[in-house]
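Chemist: For reference, this is upload-v3.csv, and it has CSV, C-alpha atoms.
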```
chain,number,residue,atom,x,y,z
A,1,MET,CA,46.7,14.9,58.1
A,2,MET,CA,50.1,13.4,57.7
A,3,VAL,CA,50.8,11.5,54.5
A,4,GLN,CA,52.2,7.9,55.0
A,5,GLU,CA,55.4,7.4,53.2
A,6,SER,CA,58.2,4.9,53.0
A,7,VAL,CA,60.8,5.2,55.8
A,8,LYS,CA,64.4,5.3,54.8
A,9,PRO,CA,67.1,3.8,57.0
A,10,PRO,CA,69.2,6.5,58.8
A,11,ALA,CA,72.6,7.4,57.4
A,12,VAL,CA,74.1,7.1,60.9
A,13,ASN,CA,72.7,5.9,64.2
A,14,MET,CA,72.9,8.6,66.9
A,15,LYS,CA,69.8,7.5,68.7
A,16,GLY,CA,70.1,7.5,72.5
A,17,ARG,CA,73.5,9.3,72.4
A,18,GLN,CA,73.9,12.1,74.9
A,19,ILE,CA,74.0,15.7,73.8
A,20,VAL,CA,76.8,17.0,76.0
A,21,GLN,CA,77.0,20.7,75.1
A,22,ILE,CA,75.2,23.7,73.7
A,23,GLY,CA,77.4,26.3,72.0
A,24,ILE,CA,76.2,29.9,72.4
A,25,VAL,CA,77.7,32.7,70.3
A,26,VAL,CA,78.0,35.9,72.3
A,27,ALA,CA,79.6,39.3,71.8
A,28,ASP,CA,81.5,39.2,75.1
A,29,ALA,CA,82.2,35.9,76.8
A,30,PRO,CA,83.6,37.2,80.1
A,31,LYS,CA,80.6,39.5,80.6
A,32,THR,CA,78.1,36.8,79.7
A,33,ALA,CA,79.8,34.2,82.0
A,34,LYS,CA,79.6,36.7,84.9
A,35,ARG,CA,75.9,37.2,84.2
A,36,TYR,CA,75.4,33.4,84.3
A,37,GLY,CA,77.1,33.4,87.6
A,38,GLU,CA,75.1,36.3,89.0
A,39,ILE,CA,71.7,35.0,87.8
A,40,PHE,CA,72.0,31.2,88.0
A,41,GLY,CA,75.1,30.8,90.2
A,42,ILE,CA,76.7,28.7,87.4
A,43,GLY,CA,80.5,28.2,87.7
A,44,PRO,CA,83.4,27.9,87.8
A,45,TRP,CA,84.0,29.1,84.3
A,46,ARG,CA,87.2,28.2,82.3
A,47,PHE,CA,88.4,30.8,79.8
A,48,VAL,CA,90.4,29.7,76.8
A,49,ASP,CA,91.5,31.3,73.5
A,50,ILE,CA,91.2,28.9,70.5
A,51,VAL,CA,93.4,29.4,67.5
A,52,PRO,CA,92.3,26.4,65.4
A,53,THR,CA,94.5,24.8,62.7
A,54,ASN,CA,93.8,22.9,59.5
A,55,VAL,CA,90.5,24.8,59.3
A,56,THR,CA,88.1,24.6,56.4
A,57,LEU,CA,85.1,27.0,56.4
A,58,HIS,CA,82.3,26.0,53.9
A,59,GLY,CA,84.9,23.7,52.3
A,60,LYS,CA,87.5,26.3,51.8
A,61,PRO,CA,90.8,26.2,53.7
A,62,LEU,CA,91.8,29.1,56.0
A,63,GLN,CA,95.3,30.2,56.7
A,64,GLU,CA,96.9,29.0,59.9
A,65,GLY,CA,96.2,31.4,62.7
A,66,GLU,CA,93.7,33.4,60.7
A,67,SER,CA,91.0,33.2,63.2
A,68,CYS,CA,90.6,33.1,67.0
A,69,ILE,CA,87.6,32.3,69.2
A,70,ARG,CA,87.4,33.2,72.9
A,71,ALA,CA,85.5,30.6,74.8
A,72,ALA,CA,84.1,30.3,78.4
A,73,LEU,CA,83.0,26.8,79.6
A,74,ALA,CA,81.0,25.7,82.6
A,75,GLN,CA,78.8,22.8,83.6
A,76,LEU,CA,75.1,23.0,84.2
A,77,GLN,CA,74.6,19.5,85.7
A,78,ASP,CA,75.3,17.1,82.8
A,79,LEU,CA,75.2,19.8,80.1
A,80,GLN,CA,78.2,22.0,79.2
A,81,ILE,CA,77.5,25.6,78.4
A,82,GLU,CA,80.1,26.9,75.9
A,83,LEU,CA,80.1,30.7,75.3
A,84,LEU,CA,81.9,31.5,72.0
A,85,GLN,CA,83.1,35.0,71.3
A,86,PRO,CA,84.7,35.3,67.8
A,87,LEU,CA,87.7,37.6,68.4
A,88,TYR,CA,89.0,38.0,64.9
A,89,GLY,CA,89.1,36.3,61.5
A,90,PRO,CA,86.6,34.3,59.5
A,91,SER,CA,84.7,31.6,61.3
A,92,THR,CA,81.2,30.1,61.5
A,93,HIS,CA,80.8,31.9,64.8
A,94,MET,CA,81.7,35.3,63.3
A,95,GLU,CA,79.2,34.7,60.5
A,96,PHE,CA,76.5,33.7,63.0
A,97,LEU,CA,77.1,36.8,65.1
A,98,LYS,CA,76.9,39.2,62.2
A,99,GLU,CA,73.8,37.5,60.6
A,100,HIS,CA,71.8,36.6,63.6
A,101,GLY,CA,73.3,38.2,66.7
A,102,GLU,CA,73.8,36.3,69.9
A,103,GLY,CA,72.2,32.9,70.2
A,104,ILE,CA,72.7,29.2,70.3
A,105,HIS,CA,74.9,28.2,67.4
A,106,HIS,CA,74.9,24.4,67.8
A,107,PHE,CA,74.4,21.4,70.0
A,108,SER,CA,77.2,18.9,70.4
A,109,PHE,CA,77.6,15.1,70.9
A,110,GLY,CA,81.2,15.8,72.0
A,111,VAL,CA,84.0,13.4,71.2
A,112,VAL,CA,82.7,10.2,69.4
A,113,ASP,CA,84.6,7.1,68.4
A,114,ASP,CA,83.0,7.0,64.9
A,115,HIS,CA,83.6,10.7,64.0
A,116,ASP,CA,85.0,9.9,60.6
A,117,GLN,CA,82.3,7.5,59.7
A,118,ILE,CA,79.6,10.0,60.7
A,119,VAL,CA,81.1,12.8,58.7
A,120,SER,CA,81.7,10.6,55.6
A,121,ALA,CA,78.1,9.1,55.8
A,122,LEU,CA,76.5,12.5,55.9
A,123,GLN,CA,78.7,13.8,53.1
A,124,GLU,CA,77.2,11.0,51.0
A,125,LYS,CA,73.8,12.4,51.8
A,126,GLY,CA,74.8,15.9,50.7
A,127,ILE,CA,75.6,17.2,54.2
A,128,GLY,CA,79.0,18.8,54.3
A,129,THR,CA,80.8,20.6,57.1
A,130,GLU,CA,80.0,24.2,58.0
A,131,MET,CA,83.5,24.4,59.6
A,132,GLN,CA,86.0,21.8,60.5
A,133,GLY,CA,89.5,21.8,62.0
A,134,ARG,CA,91.7,21.1,65.0
A,135,MET,CA,91.3,22.7,68.4
A,136,ASP,CA,93.4,20.1,70.3
A,137,GLY,CA,91.1,17.4,68.9
A,138,THR,CA,89.2,17.6,65.6
A,139,PHE,CA,85.9,19.5,65.6
A,140,SER,CA,83.3,19.1,62.8
A,141,TYR,CA,80.3,21.5,62.6
A,142,LEU,CA,77.9,19.6,60.3
A,143,ALA,CA,76.0,21.9,57.9
A,144,THR,CA,72.6,20.8,59.0
A,145,GLN,CA,70.9,24.2,59.4
A,146,LYS,CA,68.5,23.8,56.5
A,147,THR,CA,67.7,20.1,57.2
A,148,LEU,CA,67.6,20.0,61.0
A,149,GLY,CA,67.2,23.7,61.9
A,150,THR,CA,70.6,23.9,63.6
A,151,ILE,CA,74.2,23.0,63.4
A,152,VAL,CA,75.2,19.7,65.0
A,153,GLU,CA,78.8,19.1,66.2
A,154,VAL,CA,80.8,15.9,66.6
A,155,GLY,CA,84.4,15.7,67.8
A,156,LYS,CA,87.5,13.5,67.6
A,157,MET,CA,90.3,12.9,70.1
A,158,PRO,CA,93.7,14.5,69.1
A,159,PRO,CA,96.5,12.2,67.9
A,160,PRO,CA,99.4,11.6,70.3
A,161,GLY,CA,101.8,14.5,70.5
A,162,ALA,CA,99.6,16.9,68.6
A,163,PRO,CA,100.5,20.6,69.2
A,164,ARG,CA,98.0,22.5,71.4
A,165,THR,CA,95.7,25.0,69.8
A,166,VAL,CA,93.6,25.8,73.0
A,167,PHE,CA,95.2,28.3,75.4
A,168,PRO,CA,93.7,28.5,78.9
A,169,TRP,CA,94.0,32.0,80.4
A,170,GLY,CA,91.6,32.4,83.3
A,171,ARG,CA,88.9,31.2,85.6
A,172,TYR,CA,85.9,32.9,87.1
A,173,THR,CA,84.0,31.5,90.1
A,174,PRO,CA,80.7,33.2,91.3
A,175,ALA,CA,81.0,34.7,94.7
A,176,GLY,CA,77.9,32.9,95.9
A,177,PRO,CA,74.5,31.4,94.9
A,178,GLY,CA,72.8,33.0,92.0
A,179,LEU,CA,69.8,35.2,92.1
A,180,VAL,CA,67.6,32.4,90.8
A,181,ASN,CA,68.3,29.1,92.6
A,182,MET,CA,69.3,26.5,90.0
A,183,GLU,CA,70.6,23.9,92.4
A,184,LYS,CA,69.7,20.4,91.2
A,185,LYS,CA,67.9,21.9,88.2
A,186,ARG,CA,68.9,20.7,84.8
A,187,ILE,CA,68.1,21.4,81.1
A,188,VAL,CA,65.6,18.9,79.9
A,189,GLN,CA,64.7,20.3,76.5
A,190,ILE,CA,66.1,22.0,73.4
A,191,GLY,CA,63.4,23.9,71.4
A,192,ILE,CA,64.2,24.4,67.7
A,193,VAL,CA,62.1,26.6,65.5
A,194,VAL,CA,61.8,25.2,62.0
A,195,GLU,CA,59.9,26.1,58.8
A,196,ASP,CA,58.4,22.6,58.3
A,197,VAL,CA,58.1,20.4,61.4
A,198,GLU,CA,57.4,17.2,59.4
A,199,ALA,CA,60.3,17.6,57.1
A,200,ALA,CA,62.7,18.4,60.0
A,201,ALA,CA,61.6,15.4,62.0
A,202,ARG,CA,62.0,13.1,58.9
A,203,ASN,CA,65.5,14.6,58.3
A,204,PHE,CA,66.5,14.0,61.9
A,205,TRP,CA,65.5,10.3,61.4
A,206,GLU,CA,67.0,9.8,58.0
A,207,LEU,CA,70.3,11.6,58.8
A,208,LEU,CA,70.9,10.8,62.4
A,209,GLY,CA,68.5,8.0,63.4
A,210,ILE,CA,66.9,10.3,66.0
A,211,GLY,CA,63.2,9.5,66.7
A,212,ARG,CA,60.5,8.3,67.1
A,213,TRP,CA,58.8,11.6,66.7
A,214,ILE,CA,55.3,12.4,68.1
A,215,PHE,CA,53.4,15.2,66.4
A,216,VAL,CA,50.9,17.5,68.1
A,217,ASP,CA,49.2,20.7,67.2
A,218,LEU,CA,49.2,23.2,70.0
A,219,LYS,CA,46.0,25.1,69.5
A,220,PRO,CA,42.8,25.6,71.5
A,221,PRO,CA,41.7,24.0,73.7
A,222,TYR,CA,45.2,22.8,74.5
A,223,VAL,CA,46.6,26.3,74.6
A,224,ALA,CA,45.2,29.5,76.2
A,225,ASP,CA,45.9,32.8,77.6
A,226,PHE,CA,49.0,33.6,75.5
A,227,VAL,CA,50.7,36.9,76.6
A,228,LEU,CA,53.5,38.1,74.2
A,229,TYR,CA,55.8,40.9,75.3
A,230,GLY,CA,53.3,41.7,78.0
A,231,VAL,CA,50.4,42.0,75.6
A,232,GLU,CA,47.4,39.6,75.6
A,233,VAL,CA,47.2,37.6,72.4
A,234,THR,CA,43.6,37.8,71.1
A,235,HIS,CA,44.1,35.9,67.8
A,236,ARG,CA,41.2,33.5,67.5
A,237,GLU,CA,43.1,30.4,66.4
A,238,PRO,CA,46.8,30.4,67.4
A,239,CYS,CA,48.6,27.2,66.3
A,240,ILE,CA,52.1,25.9,66.8
A,241,ARG,CA,52.9,22.6,65.1
A,242,VAL,CA,55.2,20.5,67.3
A,243,ALA,CA,57.3,17.3,67.0
A,244,ALA,CA,59.0,15.9,70.0
A,245,ALA,CA,61.5,13.1,70.5
A,246,ASN,CA,63.8,12.0,73.3
A,247,GLN,CA,67.5,12.0,72.8
A,248,GLY,CA,69.4,10.7,75.8
A,249,SER,CA,68.3,12.7,78.8
A,250,LEU,CA,67.1,15.6,76.7
A,251,GLN,CA,64.0,16.1,74.6
A,252,LEU,CA,64.3,17.7,71.2
A,253,GLU,CA,61.2,19.9,70.4
A,254,LEU,CA,60.7,21.1,66.9
A,255,LEU,CA,58.3,24.1,66.6
A,256,GLU,CA,56.6,25.4,63.4
A,257,PRO,CA,54.6,28.5,64.0
A,258,ALA,CA,51.5,27.8,61.8
A,259,SER,CA,49.2,30.7,62.7
A,260,GLY,CA,48.9,33.6,65.1
A,261,PRO,CA,51.6,35.8,66.7
A,262,SER,CA,54.2,34.1,68.9
A,263,SER,CA,57.8,34.3,70.0
A,264,HIS,CA,58.5,31.4,67.6
A,265,LEU,CA,57.1,33.3,64.6
A,266,ASP,CA,59.1,36.4,65.4
A,267,PHE,CA,62.3,34.2,65.8
A,268,LEU,CA,61.6,32.5,62.4
A,269,LYS,CA,61.1,35.8,60.6
A,270,THR,CA,64.1,37.7,62.2
A,271,HIS,CA,66.5,34.8,62.7
A,272,GLY,CA,65.5,31.9,60.5
A,273,GLN,CA,65.5,28.4,61.7
A,274,GLY,CA,67.5,27.8,64.8
A,275,ILE,CA,67.5,26.9,68.5
A,276,HIS,CA,64.9,29.2,70.1
A,277,HIS,CA,65.1,28.2,73.7
A,278,VAL,CA,66.3,25.7,76.3
A,279,SER,CA,64.0,24.6,79.0
A,280,PHE,CA,64.4,23.6,82.7
A,281,GLY,CA,60.9,22.0,82.4
A,282,ALA,CA,58.8,21.9,85.5
A,283,VAL,CA,60.3,23.9,88.4
A,284,ASP,CA,58.7,23.9,91.9
A,285,ASN,CA,59.4,27.6,92.4
A,286,HIS,CA,58.3,28.8,89.0
A,287,ASP,CA,56.6,32.0,90.3
A,288,ALA,CA,59.5,32.9,92.5
A,289,CYS,CA,62.0,32.4,89.7
A,290,VAL,CA,59.9,34.6,87.3
A,291,SER,CA,59.6,37.3,90.0
A,292,LEU,CA,63.4,37.2,90.6
A,293,PHE,CA,64.1,37.5,86.8
A,294,LYS,CA,61.8,40.5,86.6
A,295,ALA,CA,63.4,42.1,89.6
A,296,GLN,CA,66.7,42.2,87.9
A,297,GLY,CA,65.3,43.5,84.6
A,298,THR,CA,64.6,40.3,82.6
A,299,GLY,CA,61.0,40.2,81.5
A,300,VAL,CA,58.8,37.4,80.1
A,301,GLU,CA,59.0,37.2,76.3
A,302,MET,CA,55.9,34.9,76.1
A,303,THR,CA,53.8,33.0,78.6
A,304,GLY,CA,50.5,31.0,78.5
A,305,LEU,CA,48.8,27.8,79.4
A,306,LEU,CA,49.8,24.7,77.6
A,307,ASN,CA,47.8,21.6,78.3
A,308,GLY,CA,47.0,22.9,81.8
A,309,SER,CA,50.6,24.0,82.7
A,310,THR,CA,52.0,27.5,82.6
A,311,PHE,CA,55.1,28.0,80.4
A,312,SER,CA,57.3,31.1,80.7
A,313,TYR,CA,59.9,32.1,78.1
A,314,MET,CA,62.2,34.4,79.9
A,315,ALA,CA,63.6,37.3,77.7
A,316,SER,CA,67.2,36.4,78.8
A,317,GLN,CA,68.8,36.8,75.4
A,318,LYS,CA,70.7,39.9,76.2
A,319,ASP,CA,72.1,38.6,79.5
A,320,LEU,CA,72.5,34.9,78.8
A,321,GLY,CA,72.5,34.6,75.0
A,322,THR,CA,69.3,32.7,74.6
A,323,ILE,CA,65.7,32.2,76.0
A,324,TYR,CA,65.3,30.0,79.1
A,325,GLU,CA,62.0,28.4,79.7
A,326,LEU,CA,60.4,27.6,83.1
A,327,VAL,CA,57.2,25.5,83.5
A,328,LYS,CA,54.7,25.5,86.3
A,329,PRO,CA,52.6,22.3,86.2
A,330,ARG,CA,48.9,22.8,87.0
A,331,GLN,CA,47.5,20.7,89.8
A,332,GLY,CA,45.4,17.9,88.5
A,333,GLY,CA,47.2,18.0,85.1
A,334,GLY,CA,45.6,19.1,81.8
A,335,ILE,CA,43.6,17.8,78.9
A,336,GLY,CA,44.8,14.6,77.3
A,337,MET,CA,46.4,15.6,74.0
A,338,ALA,CA,45.8,13.4,71.1
A,339,PRO,CA,48.8,13.1,68.8
A,340,ARG,CA,48.2,13.7,65.1
A,341,GLY,CA,50.9,11.3,64.0
A,342,PHE,CA,54.3,9.7,64.5
A,343,TYR,CA,57.5,9.4,62.5
A,344,PRO,CA,58.6,6.7,61.8
A,345,PRO,CA,55.0,5.5,61.7
A,346,LYS,CA,56.0,2.2,63.2
A,347,THR,CA,58.9,1.3,65.5
```
Represent the structure from my file as structure tokens, please.

Modeler:
Amino acid sequence: MMVQESVKPPAVNMKGRQIVQIGIVVADAPKTAKRYGEIFGIGPWRFVDIVPTNVTLHGKPLQEGESCIRAALAQLQDLQIELLQPLYGPSTHMEFLKEHGEGIHHFSFGVVDDHDQIVSALQEKGIGTEMQGRMDGTFSYLATQKTLGTIVEVGKMPPPGAPRTVFPWGRYTPAGPGLVNMEKKRIVQIGIVVEDVEAAARNFWELLGIGRWIFVDLKPPYVADFVLYGVEVTHREPCIRVAAANQGSLQLELLEPASGPSSHLDFLKTHGQGIHHVSFGAVDNHDACVSLFKAQGTGVEMTGLLNGSTFSYMASQKDLGTIYELVKPRQGGGIGMAPRGFYPPKT
């Protein structure tokens, strides 16, 4: 049972603002971009080398030109996919790759008019910057991993006449449609594994004004027939505690693995808090997409029934840097799920 508590006003109001980018740390940006093209048909890709200036990492300044990041960028409908390969020198991306391996490093609100006010207000709440500097405009990776489960980025336009720090060097366009047809499909959800779903939801509200959050417990009879790495899960009472809130056109889903084996628990134990997957939501050709993934060597990390629909987490980390989820709605829908609470309790 959730404990009622006083609701603090948010430090900044990001409610309703669009998340415009996910940043994925990879070992090889050109190789990964080509796999996106082959599998999803995503492209064209722009390749740039970034030598940021005026950089601070964990509050400590770096020397000019000390680090370089190779990036590949492409659009998936209204969301930009940014592949980040740390080439040399210290950076949050290099640390992430060494500590966690490939995966989603951050989500970004892009360039915002109130960048300085956001950074300052969060600093007053004890949230500093993981890394900050100039790559053409100012970028600020907010150190929100412990409070929100992931890094959040905000950016600022460059001043007139500022020297360039981003150097374009190539483009890649897929030869044709991808193996899996992603035409008109878009990312609808970002799934973040956290240690404490209630604390993370409260922090999203108090720091960024994101909410209202709805809490549900995913356990029988709402979940059934879990299969993990091709093995049927026979644990009697699996439970994943979830909080969900809409942010622009995306849903943020916080996932706390409470009991039973799951992809989320493995992620938490081996990676820590972080973005576990992104989801295309309901797709009309779910079975065909899963079969095509399997045909090219990408299996299903975890699947099962959730409130009457089939979810499939594709084990696409090695090819695409993260898990992608596909959902097959069950005809007639599922069981009505009763929420166990909301935050804030009242709108």

Chemist: So which residues are close to (63.2, 33.0, 92.0), meaning at most 7 Å away in the file's coordinates with all atoms listed in the file counted, and can you show them as JSON, numbers by chain?

Modeler: {"A": [179, 180, 181, 285, 287, 288, 289, 290, 291, 292, 293]}

Chemist: Using all atoms listed in the file, pick whichever of A:Gly110, A:Gln75, A:Val26, A:Asp319 has the shortest atom-to-atom distance to A:Glu95.

Modeler: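 Going through A:Gly110, A:Gln75, A:Val26, A:Asp319 one by one, the smallest distance to A:Glu95 is for A:Val26.
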
Chemist: Taking (63.8, 20.1, 85.3) in the coordinates of the supplied file, I want to know which residues reach to within 6 Å of it, counting only C-alpha atoms; could you give the answer as a PyMOL selection string?

Modeler: chain A and resi 185-186+188+280-282

Chemist: Nearest to A:Pro345: which of A:Val7, A:Ile39, A:Leu250, A:Ile275 is it, counting only C-alpha atoms?

Modeler: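 Smallest distance to A:Pro345 is found for A:Val7.
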
Chemist: I'd like the interatomic distance between atom CA of A:Phe204 and atom CA of A:Gln85, to a tenth of an Å.

Modeler: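 These two atoms are separated by 28.4 Å.
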
Chemist: When distances are computed from all atoms listed in the file, which of A:Ile50, A:Cys239, A:Val197, A:Ala224 shows the smallest separation from A:Gly304?

Modeler: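 That would be A:Ala224, the residue with the smallest distance to A:Gly304.
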
Chemist: Separation of atom CA of A:Met157 and atom CA of A:Pro10, in Å?

Modeler: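 Atom CA of A:Pro10 lies 24.8 Å from atom CA of A:Met157.
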
Chemist: Do a neighbour search on A:Gln18 at 7 Å with only C-alpha atoms, toss out local chain neighbours closer than 2 positions, and write the hits as a PyMOL selection string.

Modeler: chain A and resi 16+20+109+247-249

Chemist: May I ask for the distance between atom CA of A:Ser259 and atom CA of A:His235, given in Å to one decimal place?

Modeler: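 Separation between atom CA of A:Ser259 and atom CA of A:His235: 8.9 Å.
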
Chemist: Could you add the missing atoms to stretch 263-276 of chain A, up to N, CA and C atoms, and return them as a JSON list (two decimals), in the coordinates of the input?

Modeler:
```json
[["chain", "number", "residue", "atom", "x", "y", "z"],
["A", 263, "SER", "N", 56.33, 34.14, 69.93],
["A", 263, "SER", "CA", 57.80, 34.30, 70.00],
["A", 263, "SER", "C", 58.46, 33.46, 68.91],
["A", 264, "HIS", "N", 57.89, 32.29, 68.61],
["A", 264, "HIS", "CA", 58.50, 31.40, 67.60],
["A", 264, "HIS", "C", 58.40, 32.03, 66.21],
["A", 265, "LEU", "N", 57.26, 32.67, 65.89],
["A", 265, "LEU", "CA", 57.10, 33.30, 64.60],
["A", 265, "LEU", "C", 58.08, 34.47, 64.44],
["A", 266, "ASP", "N", 58.20, 35.27, 65.49],
["A", 266, "ASP", "CA", 59.10, 36.40, 65.40],
["A", 266, "ASP", "C", 60.57, 35.88, 65.23],
["A", 267, "PHE", "N", 60.92, 34.80, 65.92],
["A", 267, "PHE", "CA", 62.30, 34.20, 65.80],
["A", 267, "PHE", "C", 62.48, 33.75, 64.35],
["A", 268, "LEU", "N", 61.50, 33.05, 63.79],
["A", 268, "LEU", "CA", 61.60, 32.50, 62.40],
["A", 268, "LEU", "C", 61.81, 33.66, 61.41],
["A", 269, "LYS", "N", 61.04, 34.73, 61.60],
["A", 269, "LYS", "CA", 61.10, 35.80, 60.60],
["A", 269, "LYS", "C", 62.37, 36.65, 60.76],
["A", 270, "THR", "N", 62.90, 36.81, 61.95],
["A", 270, "THR", "CA", 64.10, 37.70, 62.20],
["A", 270, "THR", "C", 65.39, 36.89, 62.18],
["A", 271, "HIS", "N", 65.33, 35.62, 62.54],
["A", 271, "HIS", "CA", 66.50, 34.80, 62.70],
["A", 271, "HIS", "C", 66.63, 33.71, 61.69],
["A", 272, "GLY", "N", 65.48, 33.17, 61.30],
["A", 272, "GLY", "CA", 65.50, 31.90, 60.50],
["A", 272, "GLY", "C", 65.41, 30.75, 61.41],
["A", 273, "GLN", "N", 65.55, 29.57, 60.85],
["A", 273, "GLN", "CA", 65.50, 28.40, 61.70],
["A", 273, "GLN", "C", 66.68, 28.40, 62.68],
["A", 274, "GLY", "N", 66.43, 27.80, 63.83],
["A", 274, "GLY", "CA", 67.50, 27.80, 64.80],
["A", 274, "GLY", "C", 66.95, 27.38, 66.19],
["A", 275, "ILE", "N", 67.86, 27.27, 67.15],
["A", 275, "ILE", "CA", 67.50, 26.90, 68.50],
["A", 275, "ILE", "C", 66.91, 28.15, 69.19],
["A", 276, "HIS", "N", 65.65, 28.08, 69.52],
["A", 276, "HIS", "CA", 64.90, 29.20, 70.10],
["A", 276, "HIS", "C", 65.03, 29.30, 71.57]]
```
